[in-house]
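**Student:** Here you go, run33.tsv (TSV, C-alpha atoms (C1' of nucleotides)):
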```
chain	number	residue	atom	x	y	z
A	18	MET	CA	-22.64	4.68	22.54
A	19	LYS	CA	-26.05	3.11	22.54
A	20	THR	CA	-26.12	-0.36	21.07
A	21	LYS	CA	-28.36	-0.48	18.07
A	22	ILE	CA	-31.30	-2.80	18.30
A	23	ILE	CA	-31.51	-4.75	15.12
A	24	SER	CA	-34.72	-6.08	13.69
A	25	PRO	CA	-35.06	-9.80	14.25
A	26	ALA	CA	-38.79	-9.67	13.63
A	27	CYS	CA	-38.28	-8.36	10.10
A	28	ALA	CA	-35.56	-10.91	9.43
A	29	ASP	CA	-37.98	-13.63	10.51
A	30	LYS	CA	-40.57	-12.46	8.03
A	31	LEU	CA	-38.03	-12.29	5.24
A	32	LYS	CA	-36.97	-15.83	6.12
A	33	VAL	CA	-40.48	-17.01	5.39
A	34	LEU	CA	-40.09	-15.70	1.84
A	35	SER	CA	-36.57	-16.98	1.36
A	36	ASP	CA	-37.66	-20.37	0.11
A	37	PRO	CA	-38.48	-21.13	-3.54
A	38	THR	CA	-41.63	-23.06	-2.77
A	39	ARG	CA	-43.08	-20.46	-0.44
A	40	LEU	CA	-42.13	-17.64	-2.79
A	41	GLY	CA	-43.74	-19.58	-5.62
A	42	VAL	CA	-46.91	-20.02	-3.60
A	43	LEU	CA	-47.13	-16.30	-2.98
A	44	GLU	CA	-46.42	-15.42	-6.57
A	45	THR	CA	-49.08	-17.84	-7.69
A	46	LEU	CA	-51.65	-16.62	-5.20
A	47	MET	CA	-51.06	-13.02	-6.15
A	48	SER	CA	-52.95	-13.75	-9.33
A	49	GLY	CA	-55.91	-14.99	-7.33
A	50	PRO	CA	-57.06	-17.62	-4.82
A	51	LYS	CA	-56.30	-21.29	-5.43
A	52	ASN	CA	-56.90	-24.54	-3.63
A	53	VAL	CA	-54.10	-26.86	-2.54
A	54	GLY	CA	-54.49	-29.22	-5.47
A	55	GLU	CA	-54.15	-26.38	-7.93
A	56	LEU	CA	-51.04	-25.16	-6.13
A	57	MET	CA	-49.59	-28.67	-6.24
A	58	ASP	CA	-50.11	-28.86	-9.98
A	59	GLU	CA	-48.77	-25.42	-10.70
A	60	LEU	CA	-45.73	-25.61	-8.45
A	61	ASP	CA	-45.04	-29.33	-8.82
A	62	VAL	CA	-44.58	-29.94	-5.10
A	63	GLU	CA	-45.61	-32.99	-3.07
A	64	GLN	CA	-48.80	-32.69	-1.07
A	65	SER	CA	-47.27	-33.00	2.37
A	66	LEU	CA	-44.38	-30.70	1.65
A	67	LEU	CA	-46.67	-28.06	0.23
A	68	SER	CA	-48.90	-28.36	3.27
A	69	HIS	CA	-45.94	-27.72	5.58
A	70	HIS	CA	-44.96	-24.65	3.61
A	71	LEU	CA	-48.53	-23.38	3.59
A	72	ALA	CA	-48.59	-23.70	7.37
A	73	ILE	CA	-45.45	-21.57	7.62
A	74	LEU	CA	-46.97	-18.94	5.34
A	75	ARG	CA	-50.22	-19.07	7.32
A	76	ASP	CA	-48.41	-18.70	10.66
A	77	ALA	CA	-46.65	-15.66	9.26
A	78	GLY	CA	-49.96	-14.17	8.18
A	79	LEU	CA	-48.93	-14.12	4.53
A	80	VAL	CA	-51.76	-16.35	3.35
A	81	GLU	CA	-55.15	-17.25	4.72
A	82	SER	CA	-57.30	-20.28	4.07
A	83	THR	CA	-60.98	-21.04	3.99
A	84	ARG	CA	-62.64	-24.38	3.53
A	85	GLU	CA	-64.85	-24.88	0.54
A	86	GLY	CA	-66.41	-28.31	0.65
A	87	LYS	CA	-63.58	-30.81	0.57
A	88	THR	CA	-60.94	-28.38	-0.57
A	89	MET	CA	-59.07	-25.58	1.11
A	90	ILE	CA	-58.81	-22.28	-0.69
A	91	TYR	CA	-55.71	-20.23	-0.07
A	92	GLN	CA	-55.32	-16.55	-0.78
A	93	VAL	CA	-53.16	-13.58	0.04
A	94	PRO	CA	-54.91	-11.24	2.49
A	95	GLU	CA	-55.75	-7.74	1.29
A	96	SER	CA	-53.46	-6.28	3.92
A	97	VAL	CA	-50.50	-8.20	2.49
A	98	SER	CA	-50.92	-7.86	-1.25
A	99	ASP	CA	-50.73	-4.38	-2.65
A	100	SER	CA	-53.88	-4.22	-4.73
A	101	THR	CA	-52.85	-0.97	-6.47
A	102	THR	CA	-49.56	-2.02	-8.05
A	103	GLY	CA	-50.55	-5.68	-7.95
A	104	LYS	CA	-47.01	-6.90	-7.45
A	105	ALA	CA	-45.94	-6.15	-3.91
A	106	ILE	CA	-45.95	-7.94	-0.57
A	107	HIS	CA	-46.31	-6.01	2.63
A	108	LEU	CA	-44.49	-7.56	5.56
A	109	GLY	CA	-45.17	-4.84	8.06
A	110	CYS	CA	-41.50	-4.08	8.61
A	111	CYS	CA	-40.87	-3.70	4.89
A	112	LYS	CA	-42.40	-4.07	1.48
A	113	ILE	CA	-41.17	-6.31	-1.31
A	114	SER	CA	-41.89	-5.24	-4.88
A	115	PHE	CA	-41.40	-7.55	-7.84
A	116	ASP	CA	-40.19	-6.59	-11.33
B	24	MET	CA	-50.60	-28.03	-17.76
B	25	LYS	CA	-47.17	-26.48	-17.83
B	26	THR	CA	-45.38	-26.68	-14.54
B	27	LYS	CA	-44.58	-23.24	-13.24
B	28	ILE	CA	-40.93	-22.50	-12.77
B	29	ILE	CA	-40.49	-20.92	-9.41
B	30	SER	CA	-37.77	-18.47	-8.56
B	31	PRO	CA	-35.00	-20.10	-6.57
B	32	ALA	CA	-32.56	-17.32	-7.44
B	33	CYS	CA	-34.74	-14.70	-5.85
B	34	ALA	CA	-35.32	-16.86	-2.80
B	35	ASP	CA	-31.56	-17.17	-2.43
B	36	LYS	CA	-31.15	-13.42	-2.43
B	37	LEU	CA	-33.90	-12.97	0.12
B	38	LYS	CA	-32.20	-15.57	2.28
B	39	VAL	CA	-29.18	-13.33	2.53
B	40	LEU	CA	-31.36	-10.65	4.10
B	41	SER	CA	-33.28	-13.01	6.35
B	42	ASP	CA	-30.83	-12.78	9.22
B	43	PRO	CA	-30.97	-10.11	11.92
B	44	THR	CA	-27.25	-9.41	11.83
B	45	ARG	CA	-27.04	-9.08	8.08
B	46	LEU	CA	-30.18	-6.99	7.96
B	47	GLY	CA	-28.73	-4.82	10.70
B	48	VAL	CA	-25.51	-4.40	8.77
B	49	LEU	CA	-27.39	-3.25	5.71
B	50	GLU	CA	-29.62	-0.88	7.66
B	51	THR	CA	-26.57	0.59	9.34
B	52	LEU	CA	-24.61	0.96	6.12
B	53	MET	CA	-27.52	2.63	4.39
B	54	SER	CA	-26.75	5.69	6.47
B	55	GLY	CA	-23.17	5.68	5.18
B	56	PRO	CA	-19.94	3.67	5.06
B	57	LYS	CA	-18.51	2.19	8.26
B	58	ASN	CA	-15.54	0.06	9.20
B	59	VAL	CA	-15.85	-3.33	10.86
B	60	GLY	CA	-15.11	-2.03	14.35
B	61	GLU	CA	-17.86	0.54	14.07
B	62	LEU	CA	-20.28	-2.13	12.90
B	63	MET	CA	-19.28	-4.35	15.81
B	64	ASP	CA	-19.99	-1.55	18.27
B	65	GLU	CA	-23.25	-0.57	16.71
B	66	LEU	CA	-24.64	-4.05	16.22
B	67	ASP	CA	-23.03	-5.69	19.26
B	68	VAL	CA	-21.81	-8.74	17.35
B	69	GLU	CA	-18.58	-10.68	17.86
B	70	GLN	CA	-15.76	-9.94	15.45
B	71	SER	CA	-15.57	-13.35	13.84
B	72	LEU	CA	-19.30	-13.73	13.49
B	73	LEU	CA	-19.64	-10.31	11.94
B	74	SER	CA	-16.86	-11.13	9.53
B	75	HIS	CA	-18.69	-14.25	8.41
B	76	HIS	CA	-21.86	-12.32	7.81
B	77	LEU	CA	-20.01	-9.59	5.95
B	78	ALA	CA	-18.54	-12.24	3.68
B	79	ILE	CA	-22.03	-13.53	2.88
B	80	LEU	CA	-23.22	-10.01	2.12
B	81	ARG	CA	-20.14	-9.41	0.01
B	82	ASP	CA	-20.60	-12.64	-1.94
B	83	ALA	CA	-24.17	-11.59	-2.66
B	84	GLY	CA	-22.99	-8.22	-3.92
B	85	LEU	CA	-24.96	-6.36	-1.27
B	86	VAL	CA	-21.93	-4.67	0.27
B	87	GLU	CA	-18.46	-3.85	-0.93
B	88	SER	CA	-15.29	-3.27	1.02
B	89	THR	CA	-12.16	-1.21	0.59
B	90	ARG	CA	-9.10	-1.15	2.78
B	91	GLU	CA	-8.17	2.10	4.48
B	92	GLY	CA	-4.96	1.65	6.39
B	93	LYS	CA	-5.55	-1.02	8.96
B	94	THR	CA	-9.30	-0.97	8.74
B	95	MET	CA	-11.80	-2.19	6.19
B	96	ILE	CA	-14.56	0.15	5.13
B	97	TYR	CA	-17.84	-1.42	4.15
B	98	GLN	CA	-20.55	0.26	2.14
B	99	VAL	CA	-23.65	-0.48	0.12
B	100	PRO	CA	-22.98	-0.15	-3.62
B	101	GLU	CA	-24.86	2.55	-5.52
B	102	SER	CA	-26.55	-0.09	-7.62
B	103	VAL	CA	-28.02	-1.73	-4.52
B	104	SER	CA	-29.16	1.19	-2.42
B	105	ASP	CA	-31.87	3.35	-3.87
B	106	SER	CA	-30.32	6.79	-3.58
B	107	THR	CA	-33.57	8.62	-4.34
B	108	THR	CA	-35.81	7.30	-1.58
B	109	GLY	CA	-32.82	6.43	0.58
B	110	LYS	CA	-34.47	3.40	2.13
B	111	ALA	CA	-34.62	0.59	-0.39
B	112	ILE	CA	-32.48	-2.38	-1.35
B	113	HIS	CA	-32.40	-3.63	-4.92
B	114	LEU	CA	-31.89	-7.36	-5.22
B	115	GLY	CA	-32.33	-7.64	-8.96
B	116	CYS	CA	-35.33	-9.94	-8.72
B	117	CYS	CA	-37.13	-7.61	-6.35
B	118	LYS	CA	-36.80	-4.47	-4.32
B	119	ILE	CA	-37.19	-4.18	-0.56
B	120	SER	CA	-38.38	-0.87	0.84
B	121	PHE	CA	-38.24	-0.03	4.54
B	122	ASP	CA	-40.82	1.93	6.50
C	17	DT	C1'	-71.47	-45.96	8.29
C	18	DT	C1'	-67.97	-47.10	5.38
C	19	DT	C1'	-65.26	-45.38	1.75
C	20	DT	C1'	-63.04	-41.90	-0.77
C	21	DC	C1'	-61.10	-37.44	-1.58
C	22	DA	C1'	-58.46	-33.38	0.03
C	23	DT	C1'	-55.52	-31.66	3.26
C	24	DA	C1'	-53.06	-31.52	7.76
C	25	DT	C1'	-50.01	-33.22	11.30
C	26	DG	C1'	-46.09	-35.53	13.66
C	27	DA	C1'	-41.86	-37.95	13.82
C	28	DA	C1'	-37.48	-39.03	11.74
C	29	DT	C1'	-33.79	-37.86	8.79
C	30	DG	C1'	-30.47	-35.30	6.45
C	31	DA	C1'	-28.64	-31.05	4.83
C	32	DA	C1'	-27.58	-26.38	5.40
C	33	DA	C1'	-26.85	-22.34	8.08
C	34	DT	C1'	-25.29	-20.12	12.33
C	35	DT	C1'	-22.16	-19.71	15.95
C	36	DT	C1'	-17.85	-20.31	18.49
C	37	DA	C1'	-13.00	-20.83	19.06
C	38	DA	C1'	-8.54	-20.84	17.35
C	39	DT	C1'	-5.44	-19.25	14.11
C	40	DA	C1'	-3.85	-16.56	10.08
C	41	DT	C1'	-3.15	-12.33	7.36
C	42	DG	C1'	-1.90	-7.70	6.39
C	43	DA	C1'	-0.85	-3.06	7.46
C	44	DA	C1'	1.28	0.28	10.58
C	45	DC	C1'	4.29	1.30	14.42
C	46	DT	C1'	8.64	0.68	17.36
D	9	DA	C1'	12.50	-7.57	12.25
D	10	DG	C1'	9.20	-7.95	15.88
D	11	DT	C1'	4.87	-6.26	17.92
D	12	DT	C1'	0.28	-4.62	17.81
D	13	DC	C1'	-4.11	-3.58	15.78
D	14	DA	C1'	-7.95	-4.79	12.63
D	15	DT	C1'	-10.02	-8.17	10.06
D	16	DA	C1'	-10.33	-12.72	7.68
D	17	DT	C1'	-10.21	-17.64	7.45
D	18	DT	C1'	-10.62	-22.42	8.96
D	19	DA	C1'	-12.46	-26.11	11.39
D	20	DA	C1'	-15.58	-27.83	14.68
D	21	DA	C1'	-19.85	-27.63	17.28
D	22	DT	C1'	-24.47	-26.48	17.31
D	23	DT	C1'	-28.82	-25.18	15.76
D	24	DT	C1'	-32.26	-24.61	12.38
D	25	DC	C1'	-34.64	-25.98	8.27
D	26	DA	C1'	-36.49	-28.71	4.48
D	27	DT	C1'	-37.90	-33.03	3.15
D	28	DT	C1'	-39.92	-37.57	3.45
D	29	DC	C1'	-42.91	-40.94	5.25
D	30	DA	C1'	-46.61	-42.53	7.75
D	31	DT	C1'	-50.78	-41.46	9.75
D	32	DA	C1'	-54.76	-38.51	11.08
D	33	DT	C1'	-58.65	-35.40	10.20
D	34	DG	C1'	-62.73	-33.71	8.09
D	35	DA	C1'	-66.08	-33.38	4.56
D	36	DA	C1'	-68.77	-35.51	1.01
D	37	DA	C1'	-70.42	-39.62	-1.55
D	38	DA	C1'	-71.92	-44.30	-1.80
```
Could you show the structure in this file as structure tokens?
**Tutor:**
Amino acid sequence: MKTKIISPACADKLKVLSDPTRLGVLETLMSGPKNVGELMDELDVEQSLLSHHLAILRDAGLVESTREGKTMIYQVPESVSDSTTGKAIHLGCCKISFD
Amino acid sequence: MKTKIISPACADKLKVLSDPTRLGVLETLMSGPKNVGELMDELDVEQSLLSHHLAILRDAGLVESTREGKTMIYQVPESVSDSTTGKAIHLGCCKISFD
DNA sequence: TTTTCATATGAATGAAATTTAATATGAACT
DNA sequence: AGTTCATATTAAATTTCATTCATATGAAAA
């Protein structure tokens, strides 16, 4: 009886999405790039808290950021957002489709 | 500027899947019903710990159990597992497809 | 170069989730 | 009824996570 190797890596990626703020960030960014201030306004989250969550999303490769003057623009990488259906997130191990 | 209402309910459901043991249980059960002992063997998880995780999956409606003699059979409900593609989990708010 | 704006980082706290250990339940067998 | 097998439950210990607060960084403006 070989012991099945479960998928901790996939669970880790799902954990990144299993938070309302981070999920909200992704949902928001799926409609296009935004800077941190815009995300704060839209999601109604404190600056520092949002920044922490953005770091977690960035570390997981689910968002990427570029500086534009004083502000930082965040967006979902092409490889992550399904541009055809528009409403899916590719985690590598699995794909999450909304609605 | 209306404040966007994020989706805590969906995050909660994703949280249930964001654990290697629970994800392993679901993956295992997607190939058919199993009793707890079989899940223990396949996933190499302690009895009590597995039971806790099964309770969380049950509370979330992602698995259901029926007694058969001394053992408990666990399975993924029809409504949750996508019977057509075979490899998807429906959470209500979103759908997770594997490989 | 000092100030201001936009964002990031680190430490501290508290809450929630996971894990372990011990015990309980419920069905079948003797 | 008492014992055993399979699983669940409870409580306690531990770990992880989210949040807050204070401070730092980096770019532009004065």
**Student:** Any idea which chain A residues end up within 7 Å of chain C if we count all atoms listed in the file, as a PyMOL selection string please?
**Tutor:** chain A and resi 68+87-88
**Student:** Quick one: contact table of range 40-110 of chain B to range 24-42 of chain A, 7 Å max, nearest atom pair and distance in Å to one decimal per residue, counting only C-alpha atoms, chain and number order, as a Markdown table?
**Tutor:**
```
| residue | atom | partner | partner_atom | distance |
| --- | --- | --- | --- | --- |
| B:Leu40 | CA | A:Ala28 | CA | 6.8 |
| B:Ser41 | CA | A:Ala28 | CA | 4.4 |
| B:Asp42 | CA | A:Ala28 | CA | 5.1 |
| B:Pro43 | CA | A:Pro25 | CA | 4.7 |
| B:Leu46 | CA | A:Ala28 | CA | 6.8 |
| B:Gly47 | CA | A:Ser24 | CA | 6.8 |
```
**Student:** Taking a cut-off of 12 Å and counting all atoms listed in the file, can you build a table that, for each residue of chain B near chain D, reports the nearest atom pair and how far apart they are in Å (one decimal), sorted by chain then residue number, as a tab-separated table?
**Tutor:**
```
residue	atom	partner	partner_atom	distance
B:Asn58	CA	D:DA14	C1'	9.6
B:Val59	CA	D:DT15	C1'	7.6
B:Gly60	CA	D:DA14	C1'	7.9
B:Glu61	CA	D:DA14	C1'	11.3
B:Met63	CA	D:DT15	C1'	11.6
B:Glu69	CA	D:DT15	C1'	11.8
B:Gln70	CA	D:DT15	C1'	8.1
B:Ser71	CA	D:DA16	C1'	8.1
B:Leu72	CA	D:DA16	C1'	10.7
B:Leu73	CA	D:DT15	C1'	10.0
B:Ser74	CA	D:DA16	C1'	7.0
B:His75	CA	D:DA16	C1'	8.5
B:His76	CA	D:DA16	C1'	11.5
B:Leu77	CA	D:DA16	C1'	10.3
B:Ala78	CA	D:DA16	C1'	9.1
B:Ser88	CA	D:DT15	C1'	11.6
B:Thr89	CA	D:DT15	C1'	11.9
B:Arg90	CA	D:DT15	C1'	10.2
B:Glu91	CA	D:DA14	C1'	10.7
B:Gly92	CA	D:DA14	C1'	9.5
B:Lys93	CA	D:DA14	C1'	5.8
B:Thr94	CA	D:DA14	C1'	5.6
B:Met95	CA	D:DT15	C1'	7.3
B:Ile96	CA	D:DT15	C1'	10.7
B:Tyr97	CA	D:DT15	C1'	11.9
```
**Student:** State, in Å with one decimal place, the distance from CA of Thr51 in chain B to CA of Ile79 in chain B.
**Tutor:**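 One can read the CA of Thr51 in chain B to CA of Ile79 in chain B distance as 16.2 Å.
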**Student:** Residues at most 7 Å from His113 in chain B, counting all atoms listed in the file, excluding those fewer than 4 positions away in the same chain, as JSON, numbers by chain?
**Tutor:** {"B": [103, 104, 117, 118, 119]}
**Student:** Just the selected residues (C-alpha atoms), exported as a short mmCIF file (atom, residue, chain, number, x, y, z; two decimals), in the coordinates of the input, please.
**Tutor:**
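Saved result, out11.cif, follows:
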```
data_model
loop_
_atom_site.label_atom_id
_atom_site.label_comp_id
_atom_site.auth_asym_id
_atom_site.auth_seq_id
_atom_site.Cartn_x
_atom_site.Cartn_y
_atom_site.Cartn_z
CA VAL B 103 -28.02 -1.73 -4.52
CA SER B 104 -29.16 1.19 -2.42
CA CYS B 117 -37.13 -7.61 -6.35
CA LYS B 118 -36.80 -4.47 -4.32
CA ILE B 119 -37.19 -4.18 -0.56
#
```
**Student:** Please, can range 31-42 of chain A be completed to N, CA and C atoms and returned as a tab-separated table (two decimals), in the coordinates of the input?
**Tutor:**
```
chain	number	residue	atom	x	y	z
A	31	LEU	N	-38.73	-12.08	6.50
A	31	LEU	CA	-38.03	-12.29	5.24
A	31	LEU	C	-37.65	-13.76	5.08
A	32	LYS	N	-37.34	-14.42	6.19
A	32	LYS	CA	-36.97	-15.83	6.12
A	32	LYS	C	-38.11	-16.67	5.57
A	33	VAL	N	-39.32	-16.28	5.90
A	33	VAL	CA	-40.48	-17.01	5.39
A	33	VAL	C	-40.51	-16.96	3.86
A	34	LEU	N	-40.08	-15.85	3.30
A	34	LEU	CA	-40.09	-15.70	1.84
A	34	LEU	C	-38.85	-16.27	1.17
A	35	SER	N	-37.85	-16.59	1.96
A	35	SER	CA	-36.57	-16.98	1.36
A	35	SER	C	-36.53	-18.47	1.05
A	36	ASP	N	-37.59	-18.98	0.53
A	36	ASP	CA	-37.66	-20.37	0.11
A	36	ASP	C	-38.41	-20.41	-1.22
A	37	PRO	N	-37.89	-21.13	-2.20
A	37	PRO	CA	-38.48	-21.13	-3.54
A	37	PRO	C	-39.94	-21.57	-3.56
A	38	THR	N	-40.25	-22.58	-2.78
A	38	THR	CA	-41.63	-23.06	-2.77
A	38	THR	C	-42.57	-22.01	-2.20
A	39	ARG	N	-42.20	-21.45	-1.07
A	39	ARG	CA	-43.08	-20.46	-0.44
A	39	ARG	C	-43.20	-19.21	-1.30
A	40	LEU	N	-42.08	-18.80	-1.91
A	40	LEU	CA	-42.13	-17.64	-2.79
A	40	LEU	C	-43.01	-17.95	-3.99
A	41	GLY	N	-42.91	-19.17	-4.49
A	41	GLY	CA	-43.74	-19.58	-5.62
A	41	GLY	C	-45.22	-19.58	-5.25
A	42	VAL	N	-45.52	-20.03	-4.06
A	42	VAL	CA	-46.91	-20.02	-3.60
A	42	VAL	C	-47.44	-18.59	-3.60
```
